[in-house]
Amino acid sequence: MADAYGSRVLRKDMKGPDVVELQIRLAGFRGTIPDGDFGSGTELQVQKFQQDVMGMASPTRVVDRATFEAIDAFAQKYPIDFKTLRCPCGHCSGFGNGRFRDTYVPGGEGQEQFNHYEYPGIHRLLLWAVRAVYHYLPEHRFSFSSGYRCSVDNQQHGRTTTNHRGKAVDLDIALKPGESKRDDADKCNAVRGRIVELSNAQVGWAARNRKSLEPPDIAPTWVHYDVRQYERAYLADDFFCRDLAGLDRLTPITC
């Protein structure tokens, strides 16, 4: 297939669906929008991956066979446990039932924080970005404390928020014996700072098309990571996945 991921060497100024896939997989290395345009932002993603994962002293910023293979190896090193991401309601598929498309809280039309739609899984870009968190912060043991929460689960728990219908995950950081809630909060603050520094994320939701972290007054002892500030084009159903195969989308590297 033309422009299939791994079928050609990628470099600056190229465009195509394989560039979109590259941008998703390198979302935690600085990061840019998955628009399929290999510009300076994507070039920086490649540079950071080649430096920080591949250990290249002089990054080429060109995605050749060795870089494609390194990205696949990175995915294998940091698997995502989808069992911990499934909605616990006991009524939906585990990732919603695709209900409420184009339905918003009255007065919030067009704003993702008020969108009732049950997206078909977790956003792939977000989960690839979580892998980068695991890579950059190996001193912490992370687990998902919250993944998908459909409308039924919200009703069961008296919630009205909609971000966890595929656009958000919450990360918990394991405490060591003797550590306190204050230690937990300090760790979460430090992790948020590192994600901002390394992954081009923001604390809060001021900017469009940026990965976002809940501020500490909302999430004191967990790290909430979301993509709710992405434009509709980058929240299409195809960006979401329900299992590891759908996240990784492994294809032969033939370039």
# chains A, B, ... in the order shown; residues from 1 in each chain; ligands from 1
>>> select_by_dssp(residues="range 19-242 of chain A", states="helix (DSSP H, G or I)", output="ChimeraX atom specification")
/A:19-25,40-52,65-77,82-84,112-114,124-136,151-157,181-199,232-235,237-239
>>> residues_around(residues="range 246-255 of chain A", least_positions_apart="2", cutoff="6 Å", atoms="only C-alpha atoms", output="mmCIF file with N, CA and C atoms, in the first residue's frame")
data_model
loop_
_atom_site.group_PDB
_atom_site.id
_atom_site.type_symbol
_atom_site.label_atom_id
_atom_site.label_comp_id
_atom_site.auth_asym_id
_atom_site.auth_seq_id
_atom_site.Cartn_x
_atom_site.Cartn_y
_atom_site.Cartn_z
ATOM 1 N N GLY A 6 6.414 2.277 7.507
ATOM 2 C CA GLY A 6 7.545 1.376 7.378
ATOM 3 C C GLY A 6 7.923 1.026 5.960
ATOM 4 N N SER A 7 7.194 1.566 4.978
ATOM 5 C CA SER A 7 7.457 1.217 3.582
ATOM 6 C C SER A 7 8.424 2.165 2.894
ATOM 7 N N ARG A 8 8.722 3.295 3.519
ATOM 8 C CA ARG A 8 9.661 4.244 2.920
ATOM 9 C C ARG A 8 10.395 4.999 4.025
ATOM 10 N N VAL A 9 11.587 5.436 3.735
ATOM 11 C CA VAL A 9 12.339 6.273 4.660
ATOM 12 C C VAL A 9 11.643 7.623 4.750
ATOM 13 N N ARG A 124 -4.810 6.556 20.863
ATOM 14 C CA ARG A 124 -3.510 5.912 20.688
ATOM 15 C C ARG A 124 -2.362 6.862 21.004
ATOM 16 N N CYS A 241 -8.136 2.999 20.241
ATOM 17 C CA CYS A 241 -7.867 1.563 20.224
ATOM 18 C C CYS A 241 -8.419 0.912 21.484
ATOM 19 N N ASP A 243 -7.182 -2.492 22.339
ATOM 20 C CA ASP A 243 -6.272 -3.569 22.752
ATOM 21 C C ASP A 243 -4.866 -3.244 22.272
ATOM 22 N N LEU A 244 -3.926 -4.089 22.673
ATOM 23 C CA LEU A 244 -2.524 -3.836 22.370
ATOM 24 C C LEU A 244 -2.256 -3.906 20.875
#
>>> select_by_dssp(residues="range 23-238 of chain A", states="strand (DSSP E or B)", output="list of chain:residue names")
A:Asp37, A:Val63, A:Tyr104, A:Asn115, A:Ile122, A:His123, A:Phe142, A:Ser143, A:Phe144, A:Ser145, A:Ser146, A:Ala168, A:Val169, A:Asp170, A:Leu171, A:Asp172, A:Ile173, A:Gln202, A:Val203, A:Ser212, A:Leu213, A:Val223, A:His224, A:Tyr225, A:Asp226
>>> write_last_selection(atoms="N, CA, C and O atoms", output="JSON list (two decimals), in the first residue's frame")
[["chain", "number", "residue", "atom", "x", "y", "z"],
["A", 37, "ASP", "N", 2.24, 15.87, 8.31],
["A", 37, "ASP", "CA", 3.19, 16.79, 7.69],
["A", 37, "ASP", "C", 4.49, 16.75, 8.49],
["A", 37, "ASP", "O", 4.54, 17.20, 9.63],
["A", 63, "VAL", "N", 14.03, 8.94, 9.48],
["A", 63, "VAL", "CA", 13.48, 7.68, 9.97],
["A", 63, "VAL", "C", 13.79, 6.59, 8.96],
["A", 63, "VAL", "O", 13.09, 6.39, 7.96],
["A", 104, "TYR", "N", -23.73, 17.19, 23.52],
["A", 104, "TYR", "CA", -22.94, 17.96, 24.47],
["A", 104, "TYR", "C", -23.79, 18.41, 25.65],
["A", 104, "TYR", "O", -25.03, 18.48, 25.56],
["A", 115, "ASN", "N", -18.33, 17.01, 25.87],
["A", 115, "ASN", "CA", -18.76, 16.07, 24.84],
["A", 115, "ASN", "C", -19.14, 14.73, 25.47],
["A", 115, "ASN", "O", -18.32, 14.08, 26.12],
["A", 122, "ILE", "N", -9.31, 4.02, 23.77],
["A", 122, "ILE", "CA", -8.44, 5.06, 24.31],
["A", 122, "ILE", "C", -7.61, 5.63, 23.17],
["A", 122, "ILE", "O", -7.17, 4.90, 22.27],
["A", 123, "HIS", "N", -7.38, 6.94, 23.19],
["A", 123, "HIS", "CA", -6.63, 7.58, 22.12],
["A", 123, "HIS", "C", -5.21, 7.01, 22.05],
["A", 123, "HIS", "O", -4.49, 6.97, 23.04],
["A", 142, "PHE", "N", 4.60, 2.87, 37.82],
["A", 142, "PHE", "CA", 3.31, 3.45, 37.46],
["A", 142, "PHE", "C", 2.26, 2.37, 37.25],
["A", 142, "PHE", "O", 2.57, 1.24, 36.83],
["A", 143, "SER", "N", 1.02, 2.73, 37.50],
["A", 143, "SER", "CA", -0.11, 1.89, 37.13],
["A", 143, "SER", "C", -1.26, 2.81, 36.76],
["A", 143, "SER", "O", -1.27, 3.99, 37.13],
["A", 144, "PHE", "N", -2.23, 2.29, 36.01],
["A", 144, "PHE", "CA", -3.40, 3.09, 35.67],
["A", 144, "PHE", "C", -4.41, 3.00, 36.81],
["A", 144, "PHE", "O", -4.86, 1.92, 37.18],
["A", 145, "SER", "N", -4.76, 4.14, 37.37],
["A", 145, "SER", "CA", -5.80, 4.16, 38.40],
["A", 145, "SER", "C", -7.16, 4.44, 37.81],
["A", 145, "SER", "O", -8.18, 4.18, 38.46],
["A", 146, "SER", "N", -7.20, 4.96, 36.59],
["A", 146, "SER", "CA", -8.47, 5.17, 35.90],
["A", 146, "SER", "C", -8.22, 5.22, 34.41],
["A", 146, "SER", "O", -7.28, 5.86, 33.94],
["A", 168, "ALA", "N", -8.67, 10.33, 28.13],
["A", 168, "ALA", "CA", -7.85, 10.57, 29.33],
["A", 168, "ALA", "C", -7.53, 9.27, 30.04],
["A", 168, "ALA", "O", -8.28, 8.29, 29.97],
["A", 169, "VAL", "N", -6.38, 9.28, 30.72],
["A", 169, "VAL", "CA", -6.02, 8.21, 31.65],
["A", 169, "VAL", "C", -5.45, 8.86, 32.91],
["A", 169, "VAL", "O", -4.94, 9.98, 32.87],
["A", 170, "ASP", "N", -5.55, 8.16, 34.03],
["A", 170, "ASP", "CA", -4.94, 8.60, 35.28],
["A", 170, "ASP", "C", -3.84, 7.61, 35.65],
["A", 170, "ASP", "O", -4.06, 6.39, 35.65],
["A", 171, "LEU", "N", -2.68, 8.15, 35.98],
["A", 171, "LEU", "CA", -1.54, 7.33, 36.40],
["A", 171, "LEU", "C", -1.33, 7.46, 37.91],
["A", 171, "LEU", "O", -1.34, 8.56, 38.45],
["A", 172, "ASP", "N", -1.14, 6.31, 38.54],
["A", 172, "ASP", "CA", -0.81, 6.27, 39.96],
["A", 172, "ASP", "C", 0.67, 5.94, 40.09],
["A", 172, "ASP", "O", 1.22, 5.15, 39.31],
["A", 173, "ILE", "N", 1.32, 6.55, 41.07],
["A", 173, "ILE", "CA", 2.74, 6.29, 41.33],
["A", 173, "ILE", "C", 2.83, 5.52, 42.65],
["A", 173, "ILE", "O", 2.35, 5.99, 43.69],
["A", 202, "GLN", "N", 1.03, 20.46, 28.60],
["A", 202, "GLN", "CA", 0.72, 21.65, 29.39],
["A", 202, "GLN", "C", -0.03, 21.25, 30.65],
["A", 202, "GLN", "O", -0.76, 20.25, 30.65],
["A", 203, "VAL", "N", 0.15, 22.01, 31.71],
["A", 203, "VAL", "CA", -0.68, 21.84, 32.91],
["A", 203, "VAL", "C", -1.88, 22.75, 32.74],
["A", 203, "VAL", "O", -1.74, 23.97, 32.58],
["A", 212, "SER", "N", -2.51, 17.48, 27.71],
["A", 212, "SER", "CA", -2.80, 18.26, 28.92],
["A", 212, "SER", "C", -2.74, 17.41, 30.17],
["A", 212, "SER", "O", -3.03, 16.21, 30.15],
["A", 213, "LEU", "N", -2.37, 18.07, 31.27],
["A", 213, "LEU", "CA", -2.30, 17.45, 32.60],
["A", 213, "LEU", "C", -3.18, 18.25, 33.54],
["A", 213, "LEU", "O", -3.15, 19.48, 33.55],
["A", 223, "VAL", "N", -1.67, 11.45, 38.41],
["A", 223, "VAL", "CA", -1.31, 12.22, 37.22],
["A", 223, "VAL", "C", -2.35, 11.95, 36.14],
["A", 223, "VAL", "O", -2.42, 10.85, 35.59],
["A", 224, "HIS", "N", -3.18, 12.95, 35.89],
["A", 224, "HIS", "CA", -4.21, 12.86, 34.86],
["A", 224, "HIS", "C", -3.64, 13.43, 33.57],
["A", 224, "HIS", "O", -3.17, 14.56, 33.52],
["A", 225, "TYR", "N", -3.70, 12.63, 32.49],
["A", 225, "TYR", "CA", -3.10, 12.97, 31.19],
["A", 225, "TYR", "C", -4.21, 12.87, 30.16],
["A", 225, "TYR", "O", -4.91, 11.84, 30.09],
["A", 226, "ASP", "N", -4.42, 13.92, 29.35],
["A", 226, "ASP", "CA", -5.52, 13.83, 28.38],
["A", 226, "ASP", "C", -5.20, 14.56, 27.08],
["A", 226, "ASP", "O", -4.21, 15.28, 26.96]]
>>> closest_residue(among="A:Cys92, A:Thr60, A:Ser199, A:Lys15", to="Gly121 in chain A", atoms="only C-alpha atoms")
A:Cys92
>>> closest_atom_pairs(of="range 65-176 of chain A", to="range 229-239 of chain A", cutoff="10 Å", atoms="only C-alpha atoms", output="Markdown table")
| residue | atom | partner | partner_atom | distance |
| --- | --- | --- | --- | --- |
| A:Gly98 | CA | A:Asp237 | CA | 9.9 |
| A:Gly110 | CA | A:Arg232 | CA | 9.0 |
| A:Gln111 | CA | A:Gln229 | CA | 8.7 |
| A:Glu112 | CA | A:Gln229 | CA | 7.1 |
| A:Gln113 | CA | A:Gln229 | CA | 8.4 |
| A:Tyr119 | CA | A:Asp237 | CA | 6.8 |
| A:Pro120 | CA | A:Asp237 | CA | 6.4 |
| A:Gly121 | CA | A:Asp237 | CA | 8.5 |
| A:Ile122 | CA | A:Phe239 | CA | 8.2 |
| A:His123 | CA | A:Phe239 | CA | 5.6 |
| A:Arg124 | CA | A:Phe239 | CA | 5.8 |
| A:Leu125 | CA | A:Phe239 | CA | 7.4 |
| A:Leu126 | CA | A:Phe239 | CA | 9.7 |
| A:Gly166 | CA | A:Leu235 | CA | 9.7 |
| A:Lys167 | CA | A:Leu235 | CA | 8.5 |
>>> write_last_selection(atoms="C-alpha atoms", output="PDB file, in the first residue's frame")
ATOM      1  CA  GLY A  98     -20.381   4.395  20.861  1.00  0.00           C
ATOM      2  CA  GLY A 110     -18.374  21.961  20.378  1.00  0.00           C
ATOM      3  CA  GLN A 111     -16.184  21.804  23.508  1.00  0.00           C
ATOM      4  CA  GLU A 112     -14.571  18.457  24.220  1.00  0.00           C
ATOM      5  CA  GLN A 113     -14.812  18.772  27.997  1.00  0.00           C
ATOM      6  CA  TYR A 119     -15.193   7.216  21.853  1.00  0.00           C
ATOM      7  CA  PRO A 120     -14.321   3.684  20.641  1.00  0.00           C
ATOM      8  CA  GLY A 121     -11.360   3.041  22.947  1.00  0.00           C
ATOM      9  CA  ILE A 122      -8.438   5.057  24.313  1.00  0.00           C
ATOM     10  CA  HIS A 123      -6.633   7.575  22.122  1.00  0.00           C
ATOM     11  CA  ARG A 124      -3.510   5.912  20.688  1.00  0.00           C
ATOM     12  CA  LEU A 125      -1.398   9.071  20.824  1.00  0.00           C
ATOM     13  CA  LEU A 126      -2.061   9.354  24.547  1.00  0.00           C
ATOM     14  CA  GLY A 166     -11.376   7.677  25.629  1.00  0.00           C
ATOM     15  CA  LYS A 167      -9.511  10.976  25.906  1.00  0.00           C
TER      16      LYS A 167
END
>>> atom_distance(atom1="CA of Gln45 in chain A", atom2="CA of Gly31 in chain A")
6.0 Å
>>> atom_distance(atom1="CA of Leu44 in chain A", atom2="CA of Glu139 in chain A")
25.3 Å
>>> residues_around(residues="Asp183 in chain A", least_positions_apart="5", cutoff="12 Å", atoms="only C-alpha atoms", output="PyMOL selection string")
chain A and resi 173-178+188-190+220-222
>>> write_last_selection(atoms="N, CA and C atoms", output="mmCIF file, in the first residue's frame")
data_model
loop_
_atom_site.group_PDB
_atom_site.id
_atom_site.type_symbol
_atom_site.label_atom_id
_atom_site.label_comp_id
_atom_site.auth_asym_id
_atom_site.auth_seq_id
_atom_site.Cartn_x
_atom_site.Cartn_y
_atom_site.Cartn_z
ATOM 1 N N ILE A 173 1.325 6.554 41.066
ATOM 2 C CA ILE A 173 2.737 6.290 41.331
ATOM 3 C C ILE A 173 2.829 5.516 42.648
ATOM 4 N N ALA A 174 3.415 4.343 42.594
ATOM 5 C CA ALA A 174 3.518 3.510 43.797
ATOM 6 C C ALA A 174 4.403 4.190 44.836
ATOM 7 N N LEU A 175 3.945 4.154 46.093
ATOM 8 C CA LEU A 175 4.729 4.709 47.200
ATOM 9 C C LEU A 175 5.628 3.632 47.795
ATOM 10 N N LYS A 176 6.743 4.066 48.328
ATOM 11 C CA LYS A 176 7.639 3.163 49.033
ATOM 12 C C LYS A 176 7.223 3.096 50.501
ATOM 13 N N PRO A 177 7.603 2.045 51.194
ATOM 14 C CA PRO A 177 7.243 1.938 52.613
ATOM 15 C C PRO A 177 7.635 3.194 53.389
ATOM 16 N N GLY A 178 6.699 3.700 54.162
ATOM 17 C CA GLY A 178 6.955 4.866 54.985
ATOM 18 C C GLY A 178 6.672 6.187 54.318
ATOM 19 N N CYS A 188 3.973 13.398 42.216
ATOM 20 C CA CYS A 188 3.083 13.723 41.096
ATOM 21 C C CYS A 188 3.440 15.077 40.494
ATOM 22 N N ASN A 189 3.754 16.047 41.343
ATOM 23 C CA ASN A 189 4.165 17.355 40.833
ATOM 24 C C ASN A 189 5.446 17.251 40.021
ATOM 25 N N ALA A 190 6.399 16.469 40.507
ATOM 26 C CA ALA A 190 7.661 16.314 39.789
ATOM 27 C C ALA A 190 7.445 15.615 38.449
ATOM 28 N N PRO A 220 -4.304 15.921 43.073
ATOM 29 C CA PRO A 220 -3.150 16.064 43.981
ATOM 30 C C PRO A 220 -2.255 14.838 44.049
ATOM 31 N N THR A 221 -2.835 13.631 44.013
ATOM 32 C CA THR A 221 -2.030 12.425 44.217
ATOM 33 C C THR A 221 -2.168 11.430 43.065
ATOM 34 N N TRP A 222 -2.433 11.918 41.904
ATOM 35 C CA TRP A 222 -2.392 11.103 40.694
ATOM 36 C C TRP A 222 -2.044 12.031 39.531
#
>>> residues_around(residues="Arg11 in chain A", least_positions_apart="4", cutoff="8 Å", atoms="only C-alpha atoms", output="number ranges by chain")
A: 38, 43, 61-63
>>> closest_residue(among="A:His91, A:Asp102, A:Val152, A:Val19", to="Phe114 in chain A", atoms="only C-alpha atoms")
A:Asp102
>>> atom_distance(atom1="CA of Leu137 in chain A", atom2="CA of Gln50 in chain A")
17.4 Å
>>> closest_residue(among="A:Phe49, A:Tyr5, A:Trp205, A:Phe240", to="Tyr136 in chain A", atoms="only C-alpha atoms")
A:Phe49
>>> closest_residue(among="A:Arg131, A:His164, A:Arg192, A:Arg99", to="Ile80 in chain A", atoms="only C-alpha atoms")
A:Arg131
>>> closest_residue(among="A:Gly96, A:His116, A:Leu22, A:Arg242", to="Asp72 in chain A", atoms="only C-alpha atoms")
A:Leu22
>>> closest_residue(among="A:Gly94, A:Pro138, A:Pro216, A:Gly28", to="Glu197 in chain A", atoms="only C-alpha atoms")
A:Gly28
>>> decode(residues="range 210-223 of chain A", atoms="N, CA and C atoms", output="PDB file, in the first residue's frame")
ATOM      1  N   ARG A 210      -2.591  20.537  22.352  1.00  0.00           N
ATOM      2  CA  ARG A 210      -1.508  20.152  23.257  1.00  0.00           C
ATOM      3  C   ARG A 210      -2.017  19.060  24.185  1.00  0.00           C
ATOM      4  N   LYS A 211      -1.168  18.106  24.493  1.00  0.00           N
ATOM      5  CA  LYS A 211      -1.480  17.133  25.534  1.00  0.00           C
ATOM      6  C   LYS A 211      -1.579  17.889  26.856  1.00  0.00           C
ATOM      7  N   SER A 212      -2.512  17.483  27.712  1.00  0.00           N
ATOM      8  CA  SER A 212      -2.799  18.264  28.919  1.00  0.00           C
ATOM      9  C   SER A 212      -2.735  17.410  30.172  1.00  0.00           C
ATOM     10  N   LEU A 213      -2.370  18.067  31.274  1.00  0.00           N
ATOM     11  CA  LEU A 213      -2.302  17.453  32.596  1.00  0.00           C
ATOM     12  C   LEU A 213      -3.184  18.246  33.545  1.00  0.00           C
ATOM     13  N   GLU A 214      -3.982  17.535  34.339  1.00  0.00           N
ATOM     14  CA  GLU A 214      -4.748  18.244  35.358  1.00  0.00           C
ATOM     15  C   GLU A 214      -3.807  18.890  36.359  1.00  0.00           C
ATOM     16  N   PRO A 215      -4.102  20.117  36.787  1.00  0.00           N
ATOM     17  CA  PRO A 215      -3.254  20.772  37.790  1.00  0.00           C
ATOM     18  C   PRO A 215      -3.389  20.087  39.147  1.00  0.00           C
ATOM     19  N   PRO A 216      -2.426  20.324  40.037  1.00  0.00           N
ATOM     20  CA  PRO A 216      -2.401  19.600  41.318  1.00  0.00           C
ATOM     21  C   PRO A 216      -3.577  19.886  42.230  1.00  0.00           C
ATOM     22  N   ASP A 217      -4.258  21.030  42.064  1.00  0.00           N
ATOM     23  CA  ASP A 217      -5.410  21.276  42.924  1.00  0.00           C
ATOM     24  C   ASP A 217      -6.592  20.389  42.556  1.00  0.00           C
ATOM     25  N   ILE A 218      -6.577  19.827  41.329  1.00  0.00           N
ATOM     26  CA  ILE A 218      -7.618  18.889  40.907  1.00  0.00           C
ATOM     27  C   ILE A 218      -7.148  17.455  41.100  1.00  0.00           C
ATOM     28  N   ALA A 219      -5.889  17.203  40.780  1.00  0.00           N
ATOM     29  CA  ALA A 219      -5.332  15.845  40.857  1.00  0.00           C
ATOM     30  C   ALA A 219      -4.106  15.848  41.769  1.00  0.00           C
ATOM     31  N   PRO A 220      -4.304  15.921  43.073  1.00  0.00           N
ATOM     32  CA  PRO A 220      -3.150  16.064  43.981  1.00  0.00           C
ATOM     33  C   PRO A 220      -2.255  14.838  44.049  1.00  0.00           C
ATOM     34  N   THR A 221      -2.835  13.631  44.013  1.00  0.00           N
ATOM     35  CA  THR A 221      -2.030  12.425  44.217  1.00  0.00           C
ATOM     36  C   THR A 221      -2.168  11.430  43.065  1.00  0.00           C
ATOM     37  N   TRP A 222      -2.433  11.918  41.904  1.00  0.00           N
ATOM     38  CA  TRP A 222      -2.392  11.103  40.694  1.00  0.00           C
ATOM     39  C   TRP A 222      -2.044  12.031  39.531  1.00  0.00           C
ATOM     40  N   VAL A 223      -1.670  11.446  38.408  1.00  0.00           N
ATOM     41  CA  VAL A 223      -1.312  12.223  37.219  1.00  0.00           C
ATOM     42  C   VAL A 223      -2.352  11.952  36.140  1.00  0.00           C
TER      43      VAL A 223
END
